[in-house]
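Please read the structure below before turning to the comments.
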Amino acid sequence: MTDVVATNETILVVGGGISGMTAALEAAECGKDVVLVEKNPSLGGRVSQLYKYFPKLCHPTCGLEINLKRLKANKRIRVLTLAEVSAVTGKPGDYTATIKISPRFVNENCTACGACAEAVTTEFDNEFNYGMGKRKGAYLTSAMAYPQRYVLDPRIIGTPDAEKAKAACKYDAIDLGMKEETINFKVGAVVWATGWKPYDANKIQPYGYDRYENVITSVEFERLLDPFGPTGGKLIRPSDGKEAKNVAFIQCAGSRDRNHLKHCSRICCMASLKQSTYVREKYADDANVSIYYIDIRAIDRFEDFYKKIQADPKVKFIKSKVANITADKDGNPVLHGVDTEGYHRYDNPHDLVVLAIGMEPSVDASKIMPGVAADASGFIDINATTEAVFGAGCASNALDVNRSVQSATAGALRAIQVVNRVSRAEV
């Protein structure tokens with residue numbers, strides 16, 4: 001952790017995903033001091049949970065490793081993980097941010113050797129894999145975790161497993177006496193980059209996510225294909241471990257729907273087009289992909305990627321809003337609806353169904369602090385916000401990675417303008 005003297009010319013960045021990291025780096029590289037706050041044990045956010053980006057189909061390491069290298073080299077950024085902002089008081093240019101830091105129970109002596117994880121036996125659902133599979137009570141969130149330090153789950157503190165972890169560590173890195181602490185910082189402006197969360201698929205009752213094991217979400221599918229994911233990259237069904245060669249993608253699952261999310265989540269079409277290539281790379285000519293869609297939104301440079309997928313004879317596009325899903329005697333999800341190009345009714349069985357789930361802000365902007373306005377979907381409405389709190393990435397709108405980075409740069413520049421005015425006023 002780098003020491004940064006926080007003043008009212010410091011910028012607070014809340015959220016350590018790709019947007020928060022970008023905003024912090026842009027501000028710091030312009031000469032501003034930054035406090036970067038992340039509630040999870042490591043930086044990276046949802047981008048670190050992806051298998052590949054679209055449309056180039058490169059891995060997230062491409063963007064994250066560069067940003068991590070820049071961040072480690074910049075002494076103007078102080079990184080606080082397992083930290084949450086509990087209050088921001090004051091006025092633009094002169095805020096006090098109160099930050100609560102939860103104990104990691106592992107200090108900076110940690111070399112990430114993994115001996116503590118080997119020693120403990122208690123397991124919990126793996127949050128990084130969206131609850132698919134288990135992790136130990138002593139764990140590293142991912143191979144690219146920064147800081148590269150293990151963390152003890154607080155649920156094992158006071159148990160024999162915690163003592164086993166401490167005894168196994170050769171570097172005196174396990175500190176079972178760590179306590180929660182609260183610190184205050186003076187800051188001049190805030191960049192809010194708390195990202196997005198997948199819409200709760202359990203709410204889309206006709207699709208049976210809560211009833212059929214072989215109906216999963218797009219974020220879960222992303223983890224399945226990752227070699228470091230719960231199946232080691234194998235594309236298999238949750239119900240029986242059978243290879244899933246016939247895969248259906250349902251678009252607008254929870255988006256553009258007055259009963260759920262009214263807005264278009266923007267990433268879903270491209271995410272399913274990308275994920276169709278995962279099935280093809282696994283099973284080549286044995287693969288069968290069906291994409292059920294209202295319309296495909298692939299704008300600008302993404303149009304070429306869409307046309308490439310359209311030309312694949314193993315990918316079928318069915319213009320339809322799926323009415324409901326049932327399951328046959330073999331556990332295969334069966335999709336029911338009407339193909340609106342010709343108005344043919346269908347009852348199509350598949351090995352696996354992937355819901356291209358909608359995105360909503362992780363934090364409702366209206367809950368941040370008085371003076372921060374939310375739009376109808378809970379994203380930060382910059383035009384109605386009176387505080388010096390600027391949205392970045394998916395805190396400001398439903399955006400893909402590329403547009404999130406652009407939004408983060410814009411948020412950082414707005415925050416810099418505020419602290420520059422403070423600096424000039426004090427001269």
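If you're wondering about the labels, chains in the structure tokens are A, B, ... by order shown, residues count from 1 in each chain, ligands from 1 in order shown.
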Env of segment 142-145 of chain A: 8 Å cut, atoms = only C-alpha atoms, seq-sep filter 6 positions within chain, self excluded. Answer as a PDB file with all heavy atoms, in the first residue's frame.
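Saved to around-v2.pdb:
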```pdb
ATOM      1  N   SER A  42      -9.491  -7.970  -3.801  1.00  0.00           N
ATOM      2  CA  SER A  42      -8.535  -7.621  -4.856  1.00  0.00           C
ATOM      3  C   SER A  42      -9.216  -6.775  -5.917  1.00  0.00           C
ATOM      4  O   SER A  42     -10.449  -6.706  -5.999  1.00  0.00           O
ATOM      5  CB  SER A  42      -7.950  -8.889  -5.490  1.00  0.00           C
ATOM      6  OG  SER A  42      -8.981  -9.702  -6.031  1.00  0.00           O
ATOM      7  N   LEU A  43      -8.413  -6.130  -6.750  1.00  0.00           N
ATOM      8  CA  LEU A  43      -8.912  -5.298  -7.838  1.00  0.00           C
ATOM      9  C   LEU A  43      -9.274  -6.164  -9.048  1.00  0.00           C
ATOM     10  O   LEU A  43      -8.940  -7.342  -9.111  1.00  0.00           O
ATOM     11  CB  LEU A  43      -7.847  -4.279  -8.240  1.00  0.00           C
ATOM     12  CG  LEU A  43      -7.314  -3.347  -7.148  1.00  0.00           C
ATOM     13  CD1 LEU A  43      -6.302  -2.360  -7.749  1.00  0.00           C
ATOM     14  CD2 LEU A  43      -8.441  -2.596  -6.451  1.00  0.00           C
ATOM     15  N   GLY A  44      -9.936  -5.555 -10.003  1.00  0.00           N
ATOM     16  CA  GLY A  44     -10.236  -6.257 -11.257  1.00  0.00           C
ATOM     17  C   GLY A  44     -11.701  -6.284 -11.618  1.00  0.00           C
ATOM     18  O   GLY A  44     -12.063  -6.278 -12.795  1.00  0.00           O
ATOM     19  N   SER A  48     -12.236  -9.138 -14.572  1.00  0.00           N
ATOM     20  CA  SER A  48     -11.337 -10.239 -14.179  1.00  0.00           C
ATOM     21  C   SER A  48     -12.050 -11.590 -14.198  1.00  0.00           C
ATOM     22  O   SER A  48     -11.402 -12.636 -14.197  1.00  0.00           O
ATOM     23  CB  SER A  48     -10.745  -9.976 -12.795  1.00  0.00           C
ATOM     24  OG  SER A  48     -11.748 -10.005 -11.789  1.00  0.00           O
ATOM     25  N   THR A  61      -6.415 -10.571 -19.289  1.00  0.00           N
ATOM     26  CA  THR A  61      -5.054 -10.238 -18.889  1.00  0.00           C
ATOM     27  C   THR A  61      -4.482  -9.128 -19.770  1.00  0.00           C
ATOM     28  O   THR A  61      -3.627  -8.359 -19.334  1.00  0.00           O
ATOM     29  CB  THR A  61      -4.141 -11.474 -18.987  1.00  0.00           C
ATOM     30  OG1 THR A  61      -4.330 -12.107 -20.256  1.00  0.00           O
ATOM     31  CG2 THR A  61      -4.459 -12.473 -17.890  1.00  0.00           C
ATOM     32  N   PHE A 128     -16.182 -15.774  -6.853  1.00  0.00           N
ATOM     33  CA  PHE A 128     -15.553 -15.397  -8.121  1.00  0.00           C
ATOM     34  C   PHE A 128     -16.161 -16.193  -9.278  1.00  0.00           C
ATOM     35  O   PHE A 128     -16.241 -15.710 -10.399  1.00  0.00           O
ATOM     36  CB  PHE A 128     -14.042 -15.639  -8.054  1.00  0.00           C
ATOM     37  CG  PHE A 128     -13.264 -15.038  -9.189  1.00  0.00           C
ATOM     38  CD1 PHE A 128     -12.951 -13.689  -9.190  1.00  0.00           C
ATOM     39  CD2 PHE A 128     -12.839 -15.813 -10.255  1.00  0.00           C
ATOM     40  CE1 PHE A 128     -12.233 -13.120 -10.241  1.00  0.00           C
ATOM     41  CE2 PHE A 128     -12.119 -15.260 -11.300  1.00  0.00           C
ATOM     42  CZ  PHE A 128     -11.823 -13.912 -11.287  1.00  0.00           C
TER      43      PHE A 128
END
```
Original post:
So which bits of segment 82-271 of chain A end up helix (DSSP H, G or I) when you DSSP the backbone, as JSON, numbers by chain?
Top reply: {"A": [115, 116, 117, 118, 119, 127, 128, 129, 154, 155, 156, 160, 161, 162, 163, 164, 165, 166, 167, 168, 201, 202, 203, 205, 206, 207, 218, 219, 220, 221, 222, 223, 224, 225, 268, 269, 270, 271]}
Residues of segment 102-186 of chain A that approach segment 11-27 of chain A to 12 Å or less, counting only C-alpha atoms: could you list each one with the shortest pair of atoms and its distance in Å to one decimal, rows by chain and increasing residue number, as a tab-separated table?
```
residue	atom	partner	partner_atom	distance
A:Ala145	CA	A:Gly16	CA	11.6
A:Tyr146	CA	A:Gly16	CA	10.2
A:Pro147	CA	A:Gly16	CA	11.5
A:Asn184	CA	A:Leu12	CA	11.4
A:Phe185	CA	A:Leu12	CA	8.7
A:Lys186	CA	A:Ile11	CA	9.0
```
Subject >> Test item: residues at most 8 Å from Ala168 of chain A, only C-alpha atoms, excluding those fewer than 3 positions along its chain, as a PyMOL selection string >> reply: chain A and resi 115-116+119+164-165
Original post:
segment 20-158 of chain A: which residues are strand (DSSP E) by DSSP, as an NGL selection string?
Top reply: :A and (34-37 or 77-80 or 83-91 or 94-101 or 123-125 or 134-136 or 138-139 or 151-152)
Selection from above, C-alpha atoms, as a short mmCIF file (atom, residue, chain, number, x, y, z; two decimals), in the first residue's frame, can you write it?
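Wrote it out as selection-v5.cif, contents follow:
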```
data_model
loop_
_atom_site.label_atom_id
_atom_site.label_comp_id
_atom_site.auth_asym_id
_atom_site.auth_seq_id
_atom_site.Cartn_x
_atom_site.Cartn_y
_atom_site.Cartn_z
CA VAL A 34 -5.85 9.33 -5.47
CA VAL A 35 -7.42 7.01 -2.91
CA LEU A 36 -8.80 3.92 -4.66
CA VAL A 37 -11.34 1.97 -2.60
CA ILE A 77 -2.36 6.08 -5.70
CA ARG A 78 -3.28 4.54 -2.38
CA VAL A 79 -5.19 1.26 -2.78
CA LEU A 80 -7.58 0.12 -0.06
CA ALA A 83 -12.95 -1.30 2.07
CA GLU A 84 -16.27 0.47 1.70
CA VAL A 85 -17.28 4.10 1.80
CA SER A 86 -19.75 4.54 4.66
CA ALA A 87 -20.23 8.30 4.29
CA VAL A 88 -19.19 11.33 2.27
CA THR A 89 -19.90 14.67 3.91
CA GLY A 90 -19.04 18.25 3.05
CA LYS A 91 -19.28 20.14 -0.21
CA ASP A 94 -14.06 19.95 0.43
CA TYR A 95 -15.36 16.49 1.35
CA THR A 96 -14.60 14.13 4.21
CA ALA A 97 -14.89 10.49 3.17
CA THR A 98 -15.37 7.89 5.89
CA ILE A 99 -14.08 4.46 4.88
CA LYS A 100 -14.59 1.19 6.72
CA ILE A 101 -11.87 -1.43 6.19
CA GLU A 123 -15.01 -24.61 2.11
CA PHE A 124 -17.48 -21.98 0.96
CA ASP A 125 -19.25 -21.17 -2.30
CA LYS A 134 -16.11 -24.18 -3.75
CA ARG A 135 -13.12 -22.33 -2.41
CA LYS A 136 -11.15 -22.78 0.80
CA ALA A 138 -8.10 -19.24 3.08
CA TYR A 139 -7.97 -18.16 -0.52
CA VAL A 151 -7.35 -13.61 2.70
CA LEU A 152 -9.00 -15.57 5.49
#
```
If you count only C-alpha atoms, which residues fall within 10 Å of segment 401-417 of chain A, apart from same-chain ones fewer than 4 positions away, as a PDB file with N, CA, C and O atoms, in the first residue's frame?
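Generated output (result.pdb):
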```
ATOM      1  N   GLU A   9      -7.436  18.255  -2.307  1.00  0.00           N
ATOM      2  CA  GLU A   9      -7.042  18.145  -3.707  1.00  0.00           C
ATOM      3  C   GLU A   9      -6.866  16.677  -4.114  1.00  0.00           C
ATOM      4  O   GLU A   9      -6.433  16.382  -5.225  1.00  0.00           O
ATOM      5  N   THR A  10      -7.203  15.781  -3.191  1.00  0.00           N
ATOM      6  CA  THR A  10      -7.161  14.348  -3.478  1.00  0.00           C
ATOM      7  C   THR A  10      -8.469  13.917  -4.127  1.00  0.00           C
ATOM      8  O   THR A  10      -9.536  14.463  -3.825  1.00  0.00           O
ATOM      9  N   ILE A  11      -8.407  12.942  -5.013  1.00  0.00           N
ATOM     10  CA  ILE A  11      -9.606  12.396  -5.654  1.00  0.00           C
ATOM     11  C   ILE A  11      -9.871  11.014  -5.090  1.00  0.00           C
ATOM     12  O   ILE A  11      -8.965  10.171  -5.029  1.00  0.00           O
ATOM     13  N   LEU A  12     -11.091  10.794  -4.658  1.00  0.00           N
ATOM     14  CA  LEU A  12     -11.514   9.488  -4.176  1.00  0.00           C
ATOM     15  C   LEU A  12     -12.153   8.718  -5.331  1.00  0.00           C
ATOM     16  O   LEU A  12     -13.063   9.222  -5.992  1.00  0.00           O
ATOM     17  N   VAL A  13     -11.667   7.517  -5.591  1.00  0.00           N
ATOM     18  CA  VAL A  13     -12.262   6.647  -6.609  1.00  0.00           C
ATOM     19  C   VAL A  13     -12.850   5.438  -5.886  1.00  0.00           C
ATOM     20  O   VAL A  13     -12.138   4.714  -5.195  1.00  0.00           O
ATOM     21  N   ILE A  18     -12.282  -2.325 -13.821  1.00  0.00           N
ATOM     22  CA  ILE A  18     -11.559  -1.703 -14.928  1.00  0.00           C
ATOM     23  C   ILE A  18     -11.825  -0.203 -14.996  1.00  0.00           C
ATOM     24  O   ILE A  18     -10.930   0.581 -15.310  1.00  0.00           O
ATOM     25  N   SER A  19     -13.048   0.229 -14.657  1.00  0.00           N
ATOM     26  CA  SER A  19     -13.377   1.659 -14.692  1.00  0.00           C
ATOM     27  C   SER A  19     -12.680   2.414 -13.569  1.00  0.00           C
ATOM     28  O   SER A  19     -12.102   3.482 -13.788  1.00  0.00           O
ATOM     29  N   GLY A  20     -12.749   1.865 -12.352  1.00  0.00           N
ATOM     30  CA  GLY A  20     -12.111   2.526 -11.228  1.00  0.00           C
ATOM     31  C   GLY A  20     -10.605   2.600 -11.376  1.00  0.00           C
ATOM     32  O   GLY A  20      -9.977   3.633 -11.084  1.00  0.00           O
ATOM     33  N   MET A  21      -9.998   1.513 -11.849  1.00  0.00           N
ATOM     34  CA  MET A  21      -8.554   1.516 -12.074  1.00  0.00           C
ATOM     35  C   MET A  21      -8.185   2.555 -13.121  1.00  0.00           C
ATOM     36  O   MET A  21      -7.193   3.292 -12.969  1.00  0.00           O
ATOM     37  N   THR A  22      -8.977   2.629 -14.186  1.00  0.00           N
ATOM     38  CA  THR A  22      -8.697   3.600 -15.249  1.00  0.00           C
ATOM     39  C   THR A  22      -8.801   5.020 -14.723  1.00  0.00           C
ATOM     40  O   THR A  22      -7.916   5.853 -14.968  1.00  0.00           O
ATOM     41  N   ALA A  23      -9.873   5.317 -13.996  1.00  0.00           N
ATOM     42  CA  ALA A  23     -10.057   6.666 -13.459  1.00  0.00           C
ATOM     43  C   ALA A  23      -8.921   7.040 -12.514  1.00  0.00           C
ATOM     44  O   ALA A  23      -8.388   8.162 -12.564  1.00  0.00           O
ATOM     45  N   ALA A  24      -8.530   6.104 -11.644  1.00  0.00           N
ATOM     46  CA  ALA A  24      -7.449   6.374 -10.697  1.00  0.00           C
ATOM     47  C   ALA A  24      -6.136   6.640 -11.424  1.00  0.00           C
ATOM     48  O   ALA A  24      -5.388   7.574 -11.080  1.00  0.00           O
ATOM     49  N   LEU A  25      -5.838   5.846 -12.436  1.00  0.00           N
ATOM     50  CA  LEU A  25      -4.591   6.001 -13.179  1.00  0.00           C
ATOM     51  C   LEU A  25      -4.568   7.300 -13.973  1.00  0.00           C
ATOM     52  O   LEU A  25      -3.553   8.010 -13.994  1.00  0.00           O
ATOM     53  N   GLU A  26      -5.672   7.616 -14.603  1.00  0.00           N
ATOM     54  CA  GLU A  26      -5.725   8.854 -15.395  1.00  0.00           C
ATOM     55  C   GLU A  26      -5.508  10.071 -14.497  1.00  0.00           C
ATOM     56  O   GLU A  26      -4.781  11.003 -14.849  1.00  0.00           O
ATOM     57  N   ALA A  27      -6.164  10.054 -13.327  1.00  0.00           N
ATOM     58  CA  ALA A  27      -6.018  11.186 -12.408  1.00  0.00           C
ATOM     59  C   ALA A  27      -4.598  11.264 -11.847  1.00  0.00           C
ATOM     60  O   ALA A  27      -3.989  12.338 -11.790  1.00  0.00           O
ATOM     61  N   ALA A  28      -4.054  10.124 -11.441  1.00  0.00           N
ATOM     62  CA  ALA A  28      -2.721  10.101 -10.846  1.00  0.00           C
ATOM     63  C   ALA A  28      -1.653  10.489 -11.855  1.00  0.00           C
ATOM     64  O   ALA A  28      -0.676  11.180 -11.522  1.00  0.00           O
ATOM     65  N   CYS A  30      -2.004  12.482 -14.158  1.00  0.00           N
ATOM     66  CA  CYS A  30      -2.115  13.929 -14.373  1.00  0.00           C
ATOM     67  C   CYS A  30      -1.619  14.707 -13.157  1.00  0.00           C
ATOM     68  O   CYS A  30      -1.775  15.932 -13.080  1.00  0.00           O
ATOM     69  N   GLY A  31      -1.032  13.975 -12.186  1.00  0.00           N
ATOM     70  CA  GLY A  31      -0.418  14.637 -11.037  1.00  0.00           C
ATOM     71  C   GLY A  31      -1.286  14.773  -9.806  1.00  0.00           C
ATOM     72  O   GLY A  31      -0.916  15.465  -8.855  1.00  0.00           O
ATOM     73  N   LYS A  32      -2.437  14.096  -9.777  1.00  0.00           N
ATOM     74  CA  LYS A  32      -3.330  14.200  -8.625  1.00  0.00           C
ATOM     75  C   LYS A  32      -3.159  13.005  -7.699  1.00  0.00           C
ATOM     76  O   LYS A  32      -2.901  11.882  -8.142  1.00  0.00           O
ATOM     77  N   ARG A  46     -15.562  -7.176 -12.500  1.00  0.00           N
ATOM     78  CA  ARG A  46     -16.176  -8.198 -13.356  1.00  0.00           C
ATOM     79  C   ARG A  46     -15.328  -8.522 -14.577  1.00  0.00           C
ATOM     80  O   ARG A  46     -15.430  -9.626 -15.114  1.00  0.00           O
ATOM     81  N   VAL A  47     -14.480  -7.600 -14.999  1.00  0.00           N
ATOM     82  CA  VAL A  47     -13.609  -7.901 -16.134  1.00  0.00           C
ATOM     83  C   VAL A  47     -12.686  -9.065 -15.807  1.00  0.00           C
ATOM     84  O   VAL A  47     -12.405  -9.919 -16.653  1.00  0.00           O
ATOM     85  N   TYR A  53     -12.637 -11.057 -24.087  1.00  0.00           N
ATOM     86  CA  TYR A  53     -13.307  -9.834 -24.524  1.00  0.00           C
ATOM     87  C   TYR A  53     -13.888 -10.044 -25.932  1.00  0.00           C
ATOM     88  O   TYR A  53     -13.413 -10.890 -26.681  1.00  0.00           O
ATOM     89  N   PHE A  54     -14.893  -9.255 -26.279  1.00  0.00           N
ATOM     90  CA  PHE A  54     -15.273  -9.157 -27.695  1.00  0.00           C
ATOM     91  C   PHE A  54     -14.783  -7.809 -28.200  1.00  0.00           C
ATOM     92  O   PHE A  54     -14.597  -6.878 -27.412  1.00  0.00           O
ATOM     93  N   GLY A  63      -5.776  -6.306 -20.769  1.00  0.00           N
ATOM     94  CA  GLY A  63      -5.987  -4.972 -20.219  1.00  0.00           C
ATOM     95  C   GLY A  63      -5.585  -4.858 -18.771  1.00  0.00           C
ATOM     96  O   GLY A  63      -5.025  -3.846 -18.341  1.00  0.00           O
ATOM     97  N   PRO A  92     -18.648  20.158  -2.568  1.00  0.00           N
ATOM     98  CA  PRO A  92     -17.705  19.974  -3.670  1.00  0.00           C
ATOM     99  C   PRO A  92     -16.397  20.732  -3.425  1.00  0.00           C
ATOM    100  O   PRO A  92     -16.405  21.917  -3.077  1.00  0.00           O
ATOM    101  N   GLY A  93     -15.300  20.032  -3.561  1.00  0.00           N
ATOM    102  CA  GLY A  93     -13.989  20.623  -3.313  1.00  0.00           C
ATOM    103  C   GLY A  93     -13.527  20.478  -1.881  1.00  0.00           C
ATOM    104  O   GLY A  93     -12.359  20.726  -1.571  1.00  0.00           O
ATOM    105  N   GLY A 188     -11.395  16.178  -2.609  1.00  0.00           N
ATOM    106  CA  GLY A 188     -12.068  17.284  -3.285  1.00  0.00           C
ATOM    107  C   GLY A 188     -13.183  16.841  -4.205  1.00  0.00           C
ATOM    108  O   GLY A 188     -14.144  17.578  -4.441  1.00  0.00           O
ATOM    109  N   ALA A 189     -13.066  15.632  -4.739  1.00  0.00           N
ATOM    110  CA  ALA A 189     -14.060  15.124  -5.684  1.00  0.00           C
ATOM    111  C   ALA A 189     -14.077  13.606  -5.611  1.00  0.00           C
ATOM    112  O   ALA A 189     -13.127  12.970  -5.124  1.00  0.00           O
ATOM    113  N   VAL A 190     -15.155  13.030  -6.124  1.00  0.00           N
ATOM    114  CA  VAL A 190     -15.350  11.586  -6.052  1.00  0.00           C
ATOM    115  C   VAL A 190     -15.679  11.045  -7.439  1.00  0.00           C
ATOM    116  O   VAL A 190     -16.539  11.594  -8.140  1.00  0.00           O
ATOM    117  N   VAL A 191     -14.991   9.980  -7.822  1.00  0.00           N
ATOM    118  CA  VAL A 191     -15.360   9.235  -9.033  1.00  0.00           C
ATOM    119  C   VAL A 191     -15.991   7.932  -8.555  1.00  0.00           C
ATOM    120  O   VAL A 191     -15.348   7.140  -7.875  1.00  0.00           O
ATOM    121  N   TRP A 192     -17.259   7.749  -8.901  1.00  0.00           N
ATOM    122  CA  TRP A 192     -18.003   6.589  -8.419  1.00  0.00           C
ATOM    123  C   TRP A 192     -17.999   5.521  -9.504  1.00  0.00           C
ATOM    124  O   TRP A 192     -18.621   5.674 -10.543  1.00  0.00           O
ATOM    125  N   ALA A 193     -17.285   4.426  -9.257  1.00  0.00           N
ATOM    126  CA  ALA A 193     -17.075   3.391 -10.272  1.00  0.00           C
ATOM    127  C   ALA A 193     -17.396   2.008  -9.703  1.00  0.00           C
ATOM    128  O   ALA A 193     -16.609   1.076  -9.814  1.00  0.00           O
ATOM    129  N   GLY A 195     -19.544  -0.158 -10.626  1.00  0.00           N
ATOM    130  CA  GLY A 195     -19.842  -1.209 -11.583  1.00  0.00           C
ATOM    131  C   GLY A 195     -21.278  -1.674 -11.609  1.00  0.00           C
ATOM    132  O   GLY A 195     -22.199  -0.969 -11.215  1.00  0.00           O
ATOM    133  N   ILE A 267     -24.597  -4.848 -23.631  1.00  0.00           N
ATOM    134  CA  ILE A 267     -23.524  -5.837 -23.811  1.00  0.00           C
ATOM    135  C   ILE A 267     -24.044  -7.213 -24.227  1.00  0.00           C
ATOM    136  O   ILE A 267     -23.289  -8.044 -24.703  1.00  0.00           O
ATOM    137  N   ALA A 388     -19.980  16.963  -6.421  1.00  0.00           N
ATOM    138  CA  ALA A 388     -18.826  16.647  -7.283  1.00  0.00           C
ATOM    139  C   ALA A 388     -18.572  15.146  -7.239  1.00  0.00           C
ATOM    140  O   ALA A 388     -17.498  14.670  -6.863  1.00  0.00           O
ATOM    141  N   VAL A 389     -19.608  14.396  -7.609  1.00  0.00           N
ATOM    142  CA  VAL A 389     -19.550  12.938  -7.673  1.00  0.00           C
ATOM    143  C   VAL A 389     -19.829  12.550  -9.118  1.00  0.00           C
ATOM    144  O   VAL A 389     -20.911  12.833  -9.643  1.00  0.00           O
ATOM    145  N   PHE A 390     -18.859  11.928  -9.756  1.00  0.00           N
ATOM    146  CA  PHE A 390     -18.945  11.659 -11.188  1.00  0.00           C
ATOM    147  C   PHE A 390     -18.939  10.162 -11.449  1.00  0.00           C
ATOM    148  O   PHE A 390     -18.064   9.438 -10.974  1.00  0.00           O
ATOM    149  N   GLY A 391     -19.925   9.705 -12.191  1.00  0.00           N
ATOM    150  CA  GLY A 391     -20.026   8.289 -12.508  1.00  0.00           C
ATOM    151  C   GLY A 391     -18.970   7.869 -13.506  1.00  0.00           C
ATOM    152  O   GLY A 391     -18.587   8.632 -14.394  1.00  0.00           O
ATOM    153  N   ALA A 392     -18.501   6.647 -13.357  1.00  0.00           N
ATOM    154  CA  ALA A 392     -17.537   6.076 -14.296  1.00  0.00           C
ATOM    155  C   ALA A 392     -17.976   4.661 -14.631  1.00  0.00           C
ATOM    156  O   ALA A 392     -18.389   3.899 -13.755  1.00  0.00           O
ATOM    157  N   GLY A 393     -17.879   4.304 -15.891  1.00  0.00           N
ATOM    158  CA  GLY A 393     -18.241   2.959 -16.305  1.00  0.00           C
ATOM    159  C   GLY A 393     -19.698   2.660 -16.054  1.00  0.00           C
ATOM    160  O   GLY A 393     -20.576   3.496 -16.271  1.00  0.00           O
ATOM    161  N   CYS A 394     -19.970   1.470 -15.554  1.00  0.00           N
ATOM    162  CA  CYS A 394     -21.352   1.002 -15.410  1.00  0.00           C
ATOM    163  C   CYS A 394     -22.070   1.593 -14.211  1.00  0.00           C
ATOM    164  O   CYS A 394     -23.238   1.263 -13.977  1.00  0.00           O
ATOM    165  N   ALA A 395     -21.429   2.464 -13.455  1.00  0.00           N
ATOM    166  CA  ALA A 395     -22.157   3.238 -12.455  1.00  0.00           C
ATOM    167  C   ALA A 395     -22.922   4.368 -13.142  1.00  0.00           C
ATOM    168  O   ALA A 395     -23.884   4.904 -12.584  1.00  0.00           O
ATOM    169  N   SER A 396     -22.493   4.698 -14.360  1.00  0.00           N
ATOM    170  CA  SER A 396     -23.117   5.806 -15.090  1.00  0.00           C
ATOM    171  C   SER A 396     -24.104   5.335 -16.147  1.00  0.00           C
ATOM    172  O   SER A 396     -25.004   6.070 -16.537  1.00  0.00           O
ATOM    173  N   ASN A 397     -23.933   4.095 -16.624  1.00  0.00           N
ATOM    174  CA  ASN A 397     -24.826   3.549 -17.645  1.00  0.00           C
ATOM    175  C   ASN A 397     -24.445   2.094 -17.903  1.00  0.00           C
ATOM    176  O   ASN A 397     -23.391   1.637 -17.468  1.00  0.00           O
ATOM    177  N   ARG A 421      -9.809  23.686  -9.441  1.00  0.00           N
ATOM    178  CA  ARG A 421     -10.446  24.927  -8.989  1.00  0.00           C
ATOM    179  C   ARG A 421     -10.131  25.165  -7.513  1.00  0.00           C
ATOM    180  O   ARG A 421      -9.899  26.301  -7.097  1.00  0.00           O
ATOM    181  N   VAL A 422     -10.082  24.090  -6.717  1.00  0.00           N
ATOM    182  CA  VAL A 422      -9.719  24.211  -5.311  1.00  0.00           C
ATOM    183  C   VAL A 422      -8.298  24.736  -5.177  1.00  0.00           C
ATOM    184  O   VAL A 422      -8.012  25.649  -4.406  1.00  0.00           O
ATOM    185  N   SER A 423      -7.403  24.165  -5.998  1.00  0.00           N
ATOM    186  CA  SER A 423      -5.991  24.561  -5.952  1.00  0.00           C
ATOM    187  C   SER A 423      -5.825  26.036  -6.301  1.00  0.00           C
ATOM    188  O   SER A 423      -5.095  26.771  -5.632  1.00  0.00           O
TER     189      SER A 423
END
```
Subject >> Nearest candidate to Pro333 of chain A (options A:Ile382, A:Leu261, A:Ala398, A:Gly208; using only C-alpha atoms) >> reply: A:Gly208
Original post:
What lies within 9 Å of Asn324 of chain A using only C-alpha atoms, ignoring chain neighbours under 4 positions off, as a ChimeraX atom specification?
Top reply: /A:205-208,334-337
Contact table segment 214-300 of chain A vs segment 345-352 of chain A, cut-off 12 Å, shortest pair per residue, only C-alpha atoms, as a tab-separated table:
```
residue	atom	partner	partner_atom	distance
A:Asn214	CA	A:Leu352	CA	5.2
A:Val215	CA	A:Leu352	CA	6.2
A:Ile216	CA	A:Leu352	CA	7.8
A:Thr217	CA	A:Leu352	CA	10.5
A:Ser218	CA	A:Leu352	CA	11.5
A:Phe221	CA	A:Leu352	CA	10.0
A:Leu235	CA	A:Leu352	CA	9.7
A:Ile236	CA	A:Leu352	CA	8.6
A:Arg237	CA	A:Leu352	CA	6.5
A:Pro238	CA	A:Leu352	CA	8.9
A:Ser239	CA	A:Leu352	CA	9.8
A:Asp240	CA	A:Asp351	CA	10.6
A:Gly241	CA	A:Asp351	CA	10.8
A:Lys242	CA	A:Asp351	CA	8.4
A:Glu243	CA	A:Asp351	CA	8.1
A:Ala244	CA	A:Asp351	CA	5.3
A:Lys245	CA	A:Asp351	CA	6.7
A:Asn246	CA	A:Asp351	CA	5.2
A:Val247	CA	A:Leu352	CA	5.0
A:Ala248	CA	A:Leu352	CA	6.4
A:Phe249	CA	A:Leu352	CA	8.7
A:Ile250	CA	A:Leu352	CA	11.0
A:Val279	CA	A:Leu352	CA	11.0
A:Ala287	CA	A:Asp351	CA	10.9
A:Asn288	CA	A:His350	CA	9.2
A:Val289	CA	A:His350	CA	9.2
A:Ser290	CA	A:His350	CA	9.0
A:Ile291	CA	A:His350	CA	11.6
A:Tyr292	CA	A:Asn348	CA	11.1
```
**OP:** Just the residues within 10 Å of Asp295 of chain A, please, counting only C-alpha atoms, with nothing from its chain fewer than 5 positions along; format it as a count of residues only.
**Re:** 7
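The two atoms in question, atom CA of Lys282 of chain A and atom CA of Gly131 of chain A, are spaced 23.5 Å apart.
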